[in-house]
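Chemist: Structure file final34.cif (mmCIF, C-alpha atoms) is given on the next line.
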```cif
data_protein
#
loop_
_atom_site.label_atom_id
_atom_site.label_comp_id
_atom_site.auth_asym_id
_atom_site.auth_seq_id
_atom_site.Cartn_x
_atom_site.Cartn_y
_atom_site.Cartn_z
CA MET A 57 -6.90 -42.91 -1.01
CA THR A 58 -5.94 -46.12 -2.72
CA THR A 59 -2.34 -46.92 -3.56
CA PRO A 60 -2.42 -45.75 -7.19
CA ASP A 61 -4.18 -42.55 -6.13
CA LEU A 62 -1.36 -41.39 -3.86
CA TYR A 63 0.73 -40.18 -6.81
CA PRO A 64 -1.60 -39.83 -9.82
CA ASP A 65 0.74 -37.07 -11.00
CA ALA A 66 3.94 -39.12 -10.68
CA PRO A 67 6.19 -38.69 -13.73
CA VAL A 68 7.70 -42.18 -13.30
CA PRO A 69 6.66 -45.49 -11.71
CA ILE A 70 7.25 -45.66 -7.96
CA ARG A 71 8.28 -48.92 -6.31
CA PRO A 72 5.16 -50.72 -5.03
CA ASP A 73 6.67 -51.22 -1.57
CA ILE A 74 7.25 -47.48 -1.23
CA LEU A 75 3.67 -46.78 -2.30
CA ALA A 76 2.27 -49.34 0.11
CA GLU A 77 4.37 -48.07 3.01
CA GLN A 78 3.51 -44.45 2.35
CA MET A 79 -0.20 -45.25 2.20
CA ARG A 80 0.13 -47.10 5.49
CA ALA A 81 2.07 -44.17 6.97
CA TRP A 82 -0.64 -41.67 6.00
CA ARG A 83 -3.29 -43.90 7.57
CA HIS A 84 -1.09 -44.10 10.67
CA ILE A 85 -0.82 -40.31 10.84
CA ALA A 86 -4.59 -39.89 10.46
CA SER A 87 -5.52 -42.48 13.10
CA ALA A 88 -5.70 -42.07 16.86
CA GLY A 89 -2.36 -42.76 18.49
CA SER A 90 -1.39 -43.37 22.08
CA TRP A 91 -1.86 -39.76 23.22
CA PHE A 92 -3.51 -37.83 20.37
CA THR A 93 -6.66 -38.26 18.28
CA GLY A 94 -6.40 -38.60 14.53
CA ALA A 95 -7.51 -34.98 14.13
CA GLU A 96 -4.82 -33.81 16.54
CA ARG A 97 -2.16 -35.84 14.75
CA LEU A 98 -3.22 -34.33 11.43
CA ALA A 99 -2.99 -30.89 13.05
CA VAL A 100 0.62 -31.73 13.95
CA ALA A 101 1.22 -32.78 10.34
CA ALA A 102 -0.30 -29.52 9.11
CA GLU A 103 1.99 -27.59 11.45
CA THR A 104 5.09 -29.10 9.85
CA ARG A 105 3.88 -27.54 6.61
CA ALA A 106 2.92 -24.23 8.22
CA ALA A 107 6.38 -24.03 9.79
CA ARG A 108 8.04 -23.78 6.37
CA THR A 109 6.45 -20.36 5.80
CA CYS A 110 6.34 -19.20 9.43
CA ALA A 111 7.85 -15.70 9.79
CA LEU A 112 9.03 -16.36 13.35
CA CYS A 113 10.79 -19.55 12.30
CA ALA A 114 12.49 -17.71 9.42
CA SER A 115 13.67 -14.93 11.73
CA ARG A 116 14.98 -17.40 14.27
CA LYS A 117 16.74 -19.44 11.61
CA ALA A 118 18.55 -16.32 10.43
CA ALA A 119 19.48 -15.18 13.95
CA LEU A 120 22.75 -16.01 15.65
CA SER A 121 20.66 -17.66 18.37
CA PRO A 122 17.02 -18.73 18.03
CA ASN A 123 16.53 -17.52 21.58
CA ALA A 124 17.21 -13.95 20.46
CA VAL A 125 13.91 -13.67 18.59
CA ASP A 126 10.51 -13.56 20.31
CA GLY A 127 7.05 -13.78 18.82
CA GLY A 128 4.27 -16.14 17.89
CA HIS A 129 4.28 -18.83 15.25
CA ASP A 130 2.16 -18.60 12.11
CA HIS A 131 0.10 -21.72 12.56
CA SER A 132 -2.29 -23.59 10.32
CA PRO A 133 -6.07 -23.33 10.92
CA SER A 134 -6.05 -26.76 12.55
CA GLY A 135 -3.13 -25.70 14.73
CA ALA A 136 -5.51 -23.56 16.76
CA LYS A 137 -6.51 -26.71 18.62
CA LEU A 138 -2.92 -27.45 19.65
CA PRO A 139 -1.20 -26.02 22.73
CA ALA A 140 1.41 -23.35 22.06
CA ALA A 141 4.20 -25.54 23.42
CA LEU A 142 3.34 -28.25 20.93
CA ILE A 143 3.34 -25.79 18.03
CA GLU A 144 6.76 -24.58 19.18
CA VAL A 145 8.03 -28.18 19.17
CA VAL A 146 6.75 -28.96 15.69
CA HIS A 147 7.99 -25.70 14.18
CA ARG A 148 11.47 -25.93 15.70
CA VAL A 149 11.90 -29.59 14.81
CA THR A 150 10.87 -28.76 11.24
CA THR A 151 12.88 -25.59 10.64
CA ASP A 152 15.90 -25.54 12.97
CA PRO A 153 16.60 -29.04 14.25
CA ALA A 154 20.37 -28.66 14.62
CA ARG A 155 19.97 -26.00 17.31
CA LEU A 156 17.51 -27.86 19.50
CA SER A 157 18.99 -28.02 22.98
CA LYS A 158 18.36 -29.70 26.29
CA SER A 159 17.44 -26.33 27.80
CA TRP A 160 14.94 -25.71 24.97
CA HIS A 161 13.47 -29.17 25.54
CA ASP A 162 13.21 -28.56 29.27
CA GLY A 163 11.48 -25.26 28.52
CA VAL A 164 8.74 -26.73 26.38
CA MET A 165 8.20 -29.47 28.94
CA ALA A 166 7.87 -26.82 31.65
CA ASP A 167 5.25 -25.14 29.48
CA GLY A 168 2.97 -28.12 29.95
CA LEU A 169 4.00 -30.87 27.56
CA ASP A 170 4.64 -34.36 28.81
CA ALA A 171 7.22 -36.74 27.40
CA GLU A 172 4.64 -39.06 25.86
CA ARG A 173 2.94 -36.33 23.82
CA TYR A 174 6.30 -34.81 22.94
CA VAL A 175 7.54 -38.09 21.49
CA GLU A 176 4.31 -38.80 19.65
CA ALA A 177 4.33 -35.32 18.11
CA VAL A 178 7.95 -35.74 17.02
CA GLY A 179 6.99 -39.06 15.47
CA VAL A 180 4.15 -37.56 13.47
CA ALA A 181 6.31 -34.61 12.43
CA VAL A 182 9.17 -36.74 11.09
CA HIS A 183 6.76 -39.01 9.24
CA THR A 184 5.20 -35.97 7.55
CA ILE A 185 8.51 -34.28 6.77
CA SER A 186 9.80 -37.50 5.22
CA LEU A 187 6.69 -38.06 3.11
CA ASP A 188 6.73 -34.45 1.93
CA THR A 189 10.45 -34.66 1.12
CA PHE A 190 9.82 -37.71 -1.04
CA ALA A 191 7.11 -35.88 -2.98
CA ALA A 192 9.41 -32.89 -3.43
CA GLY A 193 12.12 -35.23 -4.64
CA LEU A 194 9.83 -36.30 -7.45
CA GLY A 195 9.11 -32.66 -8.26
CA LEU A 196 5.61 -32.94 -6.80
CA PRO A 197 3.70 -30.94 -4.19
CA PRO A 198 2.91 -32.43 -0.77
CA ARG A 199 0.07 -34.89 -0.87
CA PRO A 200 -3.28 -33.67 0.51
CA LEU A 201 -3.67 -34.59 4.16
CA PRO A 202 -6.10 -37.50 4.58
CA ALA A 203 -9.29 -37.34 6.58
CA ALA A 204 -9.00 -37.96 10.30
CA GLN A 205 -10.03 -41.41 11.43
CA PRO A 206 -12.35 -41.72 14.42
CA GLY A 207 -11.23 -43.14 17.71
CA ALA A 208 -9.72 -42.19 21.03
CA PRO A 209 -6.04 -42.33 22.02
CA SER A 210 -5.10 -45.56 23.74
CA GLY A 211 -3.13 -43.95 26.57
CA TYR A 212 -0.63 -46.78 26.28
CA ARG A 213 2.75 -46.21 27.94
CA PRO A 214 5.27 -49.08 27.90
CA LYS A 215 6.43 -49.95 31.41
CA SER A 216 9.93 -50.69 30.16
CA ALA A 217 10.57 -47.14 28.95
CA LYS A 218 13.06 -45.43 31.30
CA MET A 219 15.10 -42.27 31.36
CA ALA A 220 18.62 -43.15 30.32
CA ALA A 221 20.86 -41.50 27.75
CA ALA A 222 18.43 -39.18 25.96
CA TRP A 223 16.05 -36.31 26.75
CA VAL A 224 13.11 -38.70 26.66
CA PRO A 225 12.51 -42.15 28.16
CA LEU A 226 13.65 -45.06 25.97
CA ILE A 227 13.26 -48.82 25.90
CA SER A 228 16.85 -50.05 25.94
CA PRO A 229 17.68 -53.21 23.99
CA GLY A 230 17.45 -56.14 26.37
CA ASN A 231 14.73 -54.45 28.42
CA GLU A 232 11.89 -55.07 25.99
CA ASP A 233 8.95 -56.95 27.45
CA GLY A 234 5.21 -57.42 27.05
CA ALA A 235 3.86 -56.03 23.79
CA GLU A 236 7.33 -54.63 23.00
CA ILE A 237 9.15 -57.94 23.19
CA ASN A 238 9.92 -57.86 19.43
CA LEU A 239 10.35 -54.11 19.16
CA TYR A 240 13.83 -54.37 17.65
CA GLY A 241 13.19 -57.39 15.46
CA GLY A 242 15.84 -57.33 12.75
CA MET A 243 17.42 -54.11 14.09
CA MET A 244 20.49 -53.48 16.26
CA GLY A 245 18.67 -51.32 18.77
CA ALA A 246 20.86 -48.30 18.06
CA TYR A 247 19.88 -45.09 19.82
CA ILE A 248 18.10 -43.84 16.71
CA GLN A 249 15.99 -47.01 16.81
CA GLN A 250 15.23 -46.34 20.50
CA ALA A 251 14.33 -42.68 20.06
CA LEU A 252 10.55 -43.14 19.61
CA THR A 253 10.10 -46.18 21.83
CA LEU A 254 8.18 -44.32 24.52
CA VAL A 255 5.37 -44.47 21.94
CA PRO A 256 6.06 -47.88 20.41
CA ASP A 257 3.64 -47.56 17.51
CA GLU A 258 5.53 -44.47 16.31
CA GLN A 259 8.79 -46.41 16.37
CA ARG A 260 7.28 -49.36 14.51
CA SER A 261 5.66 -47.18 11.86
CA TRP A 262 8.72 -45.00 11.30
CA PHE A 263 11.14 -47.85 10.78
CA SER A 264 8.68 -49.72 8.59
CA LEU A 265 8.58 -46.65 6.35
CA CYS A 266 12.38 -46.40 6.45
CA GLY A 267 12.68 -50.02 5.33
CA ALA A 268 10.96 -49.21 2.05
CA GLN A 269 12.28 -45.71 1.40
CA TYR A 270 15.87 -46.49 2.48
CA MET A 271 16.71 -50.10 3.29
CA ALA A 272 15.66 -52.74 5.78
CA GLY A 273 18.14 -53.41 8.58
CA SER A 274 19.19 -56.70 7.03
CA GLN A 275 20.00 -54.96 3.73
CA MET A 276 22.15 -52.21 5.21
CA ARG A 277 25.20 -54.34 5.86
CA ASP A 278 24.69 -56.94 3.14
CA PHE A 279 27.15 -55.64 0.59
CA SER A 280 26.85 -58.76 -1.53
CA THR A 281 23.50 -57.60 -2.83
CA GLU A 282 22.38 -54.20 -4.11
CA PRO A 283 18.68 -53.97 -3.26
CA ARG A 284 18.14 -50.64 -5.00
CA ALA A 285 18.82 -49.07 -8.39
CA ILE A 286 21.60 -47.03 -6.80
CA THR A 287 24.43 -48.71 -4.89
CA HIS A 288 25.04 -48.88 -1.14
CA ALA A 289 27.76 -46.27 -1.61
CA GLN A 290 25.46 -43.93 -3.50
CA ILE A 291 22.69 -44.46 -0.94
CA GLU A 292 25.00 -43.58 1.96
CA PHE A 293 26.38 -40.64 -0.01
CA VAL A 294 22.89 -39.15 -0.30
CA ALA A 295 22.16 -39.96 3.35
CA GLY A 296 25.41 -38.35 4.46
CA ARG A 297 24.90 -35.22 2.38
CA ILE A 298 21.37 -34.70 3.73
CA SER A 299 22.60 -35.18 7.30
CA ALA A 300 25.52 -32.79 6.79
CA LEU A 301 23.20 -30.13 5.40
CA ASN A 302 20.92 -30.64 8.39
CA GLU A 303 24.04 -30.39 10.62
CA CYS A 304 23.04 -33.57 12.39
CA ARG A 305 25.83 -34.80 14.67
CA TYR A 306 24.27 -38.23 15.12
CA MET B 107 31.49 -41.85 -6.72
CA PRO B 108 29.40 -42.47 -9.85
CA ALA B 109 26.89 -39.63 -10.25
CA GLY B 110 28.25 -38.09 -7.06
CA GLY B 111 27.79 -34.53 -8.25
CA GLN B 112 24.21 -35.12 -9.30
CA LEU B 113 23.35 -36.98 -6.09
CA ALA B 114 24.87 -34.24 -3.93
CA ALA B 115 23.09 -31.50 -5.89
CA PHE B 116 19.81 -33.38 -5.50
CA ALA B 117 20.24 -33.62 -1.72
CA GLU B 118 21.22 -29.96 -1.51
CA ALA B 119 18.20 -28.91 -3.58
CA LEU B 120 15.80 -30.83 -1.35
CA VAL B 121 17.15 -29.24 1.81
CA ASP B 122 17.18 -25.81 0.13
CA GLY B 123 13.59 -26.31 -0.98
CA ALA B 124 13.43 -23.92 -3.96
CA ALA B 125 11.28 -25.46 -6.71
CA ASP B 126 13.46 -24.32 -9.61
CA VAL B 127 16.60 -25.64 -7.94
CA ILE B 128 14.91 -28.98 -7.26
CA ALA B 129 13.67 -29.20 -10.86
CA GLU B 130 17.17 -28.69 -12.27
CA ALA B 131 18.67 -31.19 -9.83
CA ILE B 132 16.05 -33.76 -10.82
CA ARG B 133 16.79 -33.32 -14.52
CA ASN B 134 20.49 -33.88 -13.97
CA LEU B 135 20.05 -36.78 -11.55
CA ARG B 136 17.55 -38.55 -13.79
CA ALA B 137 19.99 -38.34 -16.70
CA ALA B 138 22.75 -39.79 -14.52
CA VAL B 139 21.04 -42.66 -12.65
CA GLY B 140 17.80 -43.29 -14.53
CA ASP B 141 14.23 -43.22 -13.31
CA ASP B 142 14.53 -46.03 -10.76
CA GLY B 143 17.73 -44.58 -9.31
CA TRP B 144 16.06 -41.17 -9.03
CA VAL B 145 13.10 -42.64 -7.10
CA ASP B 146 15.47 -44.53 -4.81
CA ALA B 147 17.52 -41.39 -4.16
CA ALA B 148 14.31 -39.54 -3.28
CA GLY B 149 13.47 -42.27 -0.79
CA VAL B 150 16.86 -42.04 0.89
CA ALA B 151 16.73 -38.26 1.08
CA ALA B 152 13.22 -38.44 2.51
CA THR B 153 14.31 -40.92 5.16
CA PHE B 154 17.29 -38.94 6.39
CA ASN B 155 15.46 -35.62 6.36
CA GLY B 156 13.29 -37.28 9.00
CA ILE B 157 15.93 -39.28 10.86
CA ASP B 158 18.14 -36.25 11.43
CA ARG B 159 15.27 -34.43 13.11
CA LEU B 160 14.36 -37.48 15.15
CA ALA B 161 17.91 -37.67 16.52
CA ASP B 162 18.08 -33.95 17.25
CA ALA B 163 14.62 -33.76 18.86
CA THR B 164 15.15 -36.63 21.28
CA GLY B 165 18.70 -35.83 22.36
CA ILE B 166 20.03 -39.29 21.73
CA PRO B 167 23.82 -39.62 21.99
CA LEU B 168 26.11 -41.14 19.42
CA GLU B 169 27.02 -44.70 20.34
CA GLU B 170 30.57 -45.04 21.72
CA MET B 171 31.38 -47.60 19.06
CA LYS B 172 30.37 -45.19 16.29
CA ALA B 173 32.16 -42.27 17.95
CA GLU B 174 35.38 -44.27 18.15
CA ALA B 175 35.05 -45.53 14.59
CA SER B 176 34.53 -42.02 13.25
CA ALA B 177 36.90 -40.14 15.58
CA ASP B 178 39.62 -39.76 12.96
CA PHE B 179 37.43 -38.06 10.39
CA ARG B 180 34.61 -36.30 12.25
CA GLY B 181 36.77 -33.23 12.80
CA ALA B 182 38.26 -33.35 9.34
CA ILE B 183 34.91 -33.22 7.59
CA GLY B 184 33.46 -30.60 9.91
CA ILE B 185 30.99 -32.59 12.00
CA GLU B 186 32.49 -31.36 15.27
CA ALA B 187 31.71 -27.79 14.21
CA PHE B 188 27.98 -28.47 14.07
CA ALA B 189 25.78 -27.05 16.80
CA ASP B 190 25.48 -29.38 19.77
CA GLY B 191 22.53 -28.81 22.03
CA ARG B 192 22.75 -32.10 23.84
CA GLY B 193 24.57 -30.76 26.86
#
```
In structure tokens, how does this file's structure come out?
Modeler:
Amino acid sequence: MTTPDLYPDAPVPIRPDILAEQMRAWRHIASAGSWFTGAERLAVAAETRAARTCALCASRKAALSPNAVDGGHDHSPSGAKLPAALIEVVHRVTTDPARLSKSWHDGVMADGLDAERYVEAVGVAVHTISLDTFAAGLGLPPRPLPAAQPGAPSGYRPKSAKMAAAWVPLISPGNEDGAEINLYGGMMGAYIQQALTLVPDEQRSWFSLCGAQYMAGSQMRDFSTEPRAITHAQIEFVAGRISALNECRY
Amino acid sequence: MPAGGQLAAFAEALVDGAADVIAEAIRNLRAAVGDDGWVDAAGVAATFNGIDRLADATGIPLEEMKAEASADFRGAIGIEAFADGRG
């Protein structure tokens, strides 16, 4: 895919920085990460799409408690190569994020996932959901998944990631070192910016994408300049409405 | 809020996911904010549809500073009634 090819069906011009970032994000998804191959990461991406029509996810979403409904997920063909616990993670994060709980998280970890793969899978899932939401916002179908890139996972785990305030280890601001020394460059290091730091490349990629689709950190609190065609107030209004609909307390 | 109704309907349509609802919301939003504003709104919606899930999936807490700053309106606008699985 080249940049103009990403949205050949776009009804209006798309900002070049959004196009460039989304192309980079798709390449990121399709490439080997720290703990998964490119093919496995694309299988995670495919599962975010399969989750939207999964009968079990629909039944759980409608139930008073998701724990009240048993069964197996309807997974994509590529999902067959993923462990069941990972499919559960991707489907629940996609379809019922507000009711994720510490006990649910502990359960999927007890089923054989480790924190590193959990965080990387969450990173791939939120990238994919965001890219697909953008396409939907233009009235377009999800983009075709790219081809998997060759290569093996790096197995890289930052030494400075520690269990602290979240369900997963984080690199707290002030504790960055080594390859992560500039991890929060230009950002405050809020918890949301720490959330993916156990797999630093997921954090870097996600916030690079956010900088184009939303705003860069330096633009968020600069009210003297409107960097977009809608105002800061309108931007935060959309952000707030999406988060309220998703019942996100953060 | 200029175009507040159209922006809210656009966000609601994207979370709802029904193609006909999204199409109508796009028509109305485009008329209200123009093509560039529509693309920018799509980018914001896309970002927060991911960020919300990132926060929920990793169990990060709300910073004390933000909790204090929003304490007087979180209950009023219904945030405290949302599910909380962080415990």
Chemist: With a cut-off of 8 Å and counting all atoms listed in the file, select all residues of chain B in contact with chain A and give the selection as an NGL selection string.
Modeler: :B and (107-108 or 110 or 113-114 or 116-118 or 120-121 or 125 or 128-129 or 132 or 139 or 141-143 or 145-169 or 185-186 or 188-193)
Chemist: How would the residues just chosen look if you wrote them out with C-alpha atoms as a compact mmCIF listing (two decimals), keeping the file's coordinate frame?
Modeler:
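Saved file result-v1.txt follows:
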```txt
# COMPACT_ATOMS: atom_id res chain seq x y z
CA MET B 107 31.49 -41.85 -6.72
CA PRO B 108 29.40 -42.47 -9.85
CA GLY B 110 28.25 -38.09 -7.06
CA LEU B 113 23.35 -36.98 -6.09
CA ALA B 114 24.87 -34.24 -3.93
CA PHE B 116 19.81 -33.38 -5.50
CA ALA B 117 20.24 -33.62 -1.72
CA GLU B 118 21.22 -29.96 -1.51
CA LEU B 120 15.80 -30.83 -1.35
CA VAL B 121 17.15 -29.24 1.81
CA ALA B 125 11.28 -25.46 -6.71
CA ILE B 128 14.91 -28.98 -7.26
CA ALA B 129 13.67 -29.20 -10.86
CA ILE B 132 16.05 -33.76 -10.82
CA VAL B 139 21.04 -42.66 -12.65
CA ASP B 141 14.23 -43.22 -13.31
CA ASP B 142 14.53 -46.03 -10.76
CA GLY B 143 17.73 -44.58 -9.31
CA VAL B 145 13.10 -42.64 -7.10
CA ASP B 146 15.47 -44.53 -4.81
CA ALA B 147 17.52 -41.39 -4.16
CA ALA B 148 14.31 -39.54 -3.28
CA GLY B 149 13.47 -42.27 -0.79
CA VAL B 150 16.86 -42.04 0.89
CA ALA B 151 16.73 -38.26 1.08
CA ALA B 152 13.22 -38.44 2.51
CA THR B 153 14.31 -40.92 5.16
CA PHE B 154 17.29 -38.94 6.39
CA ASN B 155 15.46 -35.62 6.36
CA GLY B 156 13.29 -37.28 9.00
CA ILE B 157 15.93 -39.28 10.86
CA ASP B 158 18.14 -36.25 11.43
CA ARG B 159 15.27 -34.43 13.11
CA LEU B 160 14.36 -37.48 15.15
CA ALA B 161 17.91 -37.67 16.52
CA ASP B 162 18.08 -33.95 17.25
CA ALA B 163 14.62 -33.76 18.86
CA THR B 164 15.15 -36.63 21.28
CA GLY B 165 18.70 -35.83 22.36
CA ILE B 166 20.03 -39.29 21.73
CA PRO B 167 23.82 -39.62 21.99
CA LEU B 168 26.11 -41.14 19.42
CA GLU B 169 27.02 -44.70 20.34
CA ILE B 185 30.99 -32.59 12.00
CA GLU B 186 32.49 -31.36 15.27
CA PHE B 188 27.98 -28.47 14.07
CA ALA B 189 25.78 -27.05 16.80
CA ASP B 190 25.48 -29.38 19.77
CA GLY B 191 22.53 -28.81 22.03
CA ARG B 192 22.75 -32.10 23.84
CA GLY B 193 24.57 -30.76 26.86
```
Chemist: Do you have the atom CA of Ala177 of chain A-atom CA of Pro139 of chain A distance handy?
Modeler: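 It comes out at 11.8 Å.
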Chemist: Counting all atoms listed in the file, which residue out of A:Gly128, A:Pro214, A:Pro209, A:Pro122 sits closest to Thr93 of chain A?
Modeler: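 Using all atoms listed in the file, Thr93 of chain A sits closest to A:Pro209.
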Chemist: Please report the interatomic distance between atom CA of Gly230 of chain A and atom CA of Phe92 of chain A in Å with one decimal.
Modeler: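 Interatomic distance here is 28.5 Å.
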Chemist: Please return as number ranges by chain every residue within 12 Å of (-3.6, -38.4, 13.7), taking into account only C-alpha atoms and the file's own coordinates.
Modeler: A: 81-102, 134, 176-177, 179-181, 183-184, 201-209, 258
Chemist: To one decimal in Å, tell me the separation between atom CA of Gly127 of chain A and atom CA of Ala111 of chain A.
Modeler: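 For atom CA of Gly127 of chain A relative to atom CA of Ala111 of chain A, the distance reads 9.3 Å.
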Chemist: I'd like the residues picked by the PyMOL selection byres ((chain A and resi 133) around 10) written out as a PyMOL selection string, using the chain letters and numbers from the file.
Modeler: chain A and resi 99+102-103+106+130-132+134-137
Chemist: Could you tell me which residues the PyMOL selection byres ((chain A and resi 213) around 7) grabs in this file, written as a list of chain:residue names?
Modeler: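 Selection result, ordered by chain and number: A:Gly211, A:Tyr212, A:Pro214, A:Lys215, A:Leu254, A:Val255.
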Chemist: Go through the shown structure with the PyMOL selection byres ((chain A and resi 168) around 12) and write out the matching residues as number ranges by chain.
Modeler: A: 138-142, 144-145, 161-167, 169-174
Chemist: Take the residues that were just selected and, keeping C-alpha atoms, output them as an mmCIF file, in the frame of the given file.
Modeler:
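Once written, out-v8.cif looks like this:
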```cif
data_model
loop_
_atom_site.group_PDB
_atom_site.id
_atom_site.type_symbol
_atom_site.label_atom_id
_atom_site.label_comp_id
_atom_site.auth_asym_id
_atom_site.auth_seq_id
_atom_site.Cartn_x
_atom_site.Cartn_y
_atom_site.Cartn_z
ATOM 1 C CA LEU A 138 -2.920 -27.450 19.650
ATOM 2 C CA PRO A 139 -1.200 -26.020 22.730
ATOM 3 C CA ALA A 140 1.410 -23.350 22.060
ATOM 4 C CA ALA A 141 4.200 -25.540 23.420
ATOM 5 C CA LEU A 142 3.340 -28.250 20.930
ATOM 6 C CA GLU A 144 6.760 -24.580 19.180
ATOM 7 C CA VAL A 145 8.030 -28.180 19.170
ATOM 8 C CA HIS A 161 13.470 -29.170 25.540
ATOM 9 C CA ASP A 162 13.210 -28.560 29.270
ATOM 10 C CA GLY A 163 11.480 -25.260 28.520
ATOM 11 C CA VAL A 164 8.740 -26.730 26.380
ATOM 12 C CA MET A 165 8.200 -29.470 28.940
ATOM 13 C CA ALA A 166 7.870 -26.820 31.650
ATOM 14 C CA ASP A 167 5.250 -25.140 29.480
ATOM 15 C CA LEU A 169 4.000 -30.870 27.560
ATOM 16 C CA ASP A 170 4.640 -34.360 28.810
ATOM 17 C CA ALA A 171 7.220 -36.740 27.400
ATOM 18 C CA GLU A 172 4.640 -39.060 25.860
ATOM 19 C CA ARG A 173 2.940 -36.330 23.820
ATOM 20 C CA TYR A 174 6.300 -34.810 22.940
#
```
Chemist: Output requested as a compact mmCIF listing (two decimals), in the coordinates of the input - segment 170-176 of chain B, filled out with all heavy atoms.
Modeler:
```
# COMPACT_ATOMS: atom_id res chain seq x y z
N GLU B 170 29.11 -45.09 21.55
CA GLU B 170 30.57 -45.04 21.72
C GLU B 170 31.29 -45.72 20.57
O GLU B 170 32.31 -45.23 20.08
CB GLU B 170 30.96 -45.71 23.04
CG GLU B 170 30.74 -44.82 24.26
CD GLU B 170 31.26 -45.47 25.53
OE1 GLU B 170 32.17 -46.32 25.42
OE2 GLU B 170 30.75 -45.13 26.60
N MET B 171 30.74 -46.86 20.14
CA MET B 171 31.38 -47.60 19.06
C MET B 171 31.46 -46.75 17.79
O MET B 171 32.49 -46.71 17.11
CB MET B 171 30.59 -48.88 18.78
CG MET B 171 31.12 -49.75 17.66
SD MET B 171 30.02 -51.16 17.34
CE MET B 171 28.60 -50.35 16.63
N LYS B 172 30.38 -46.03 17.49
CA LYS B 172 30.37 -45.19 16.29
C LYS B 172 31.28 -43.97 16.48
O LYS B 172 31.94 -43.53 15.53
CB LYS B 172 28.95 -44.74 15.97
CG LYS B 172 28.04 -45.88 15.53
CD LYS B 172 26.62 -45.36 15.28
CE LYS B 172 25.68 -46.51 14.97
NZ LYS B 172 24.27 -46.06 14.87
N ALA B 173 31.30 -43.43 17.69
CA ALA B 173 32.16 -42.27 17.95
C ALA B 173 33.62 -42.65 17.77
O ALA B 173 34.41 -41.90 17.17
CB ALA B 173 31.91 -41.75 19.35
N GLU B 174 33.99 -43.83 18.29
CA GLU B 174 35.38 -44.27 18.15
C GLU B 174 35.72 -44.54 16.69
O GLU B 174 36.79 -44.17 16.20
CB GLU B 174 35.61 -45.53 18.99
CG GLU B 174 35.61 -45.26 20.49
CD GLU B 174 35.64 -46.55 21.30
OE1 GLU B 174 35.82 -47.63 20.71
OE2 GLU B 174 35.46 -46.45 22.53
N ALA B 175 34.79 -45.18 15.99
CA ALA B 175 35.05 -45.53 14.59
C ALA B 175 35.17 -44.31 13.69
O ALA B 175 35.82 -44.35 12.65
CB ALA B 175 33.96 -46.46 14.07
N SER B 176 34.53 -43.21 14.10
CA SER B 176 34.53 -42.02 13.25
C SER B 176 35.42 -40.90 13.80
O SER B 176 35.47 -39.81 13.23
CB SER B 176 33.09 -41.50 13.09
OG SER B 176 32.54 -41.17 14.35
```
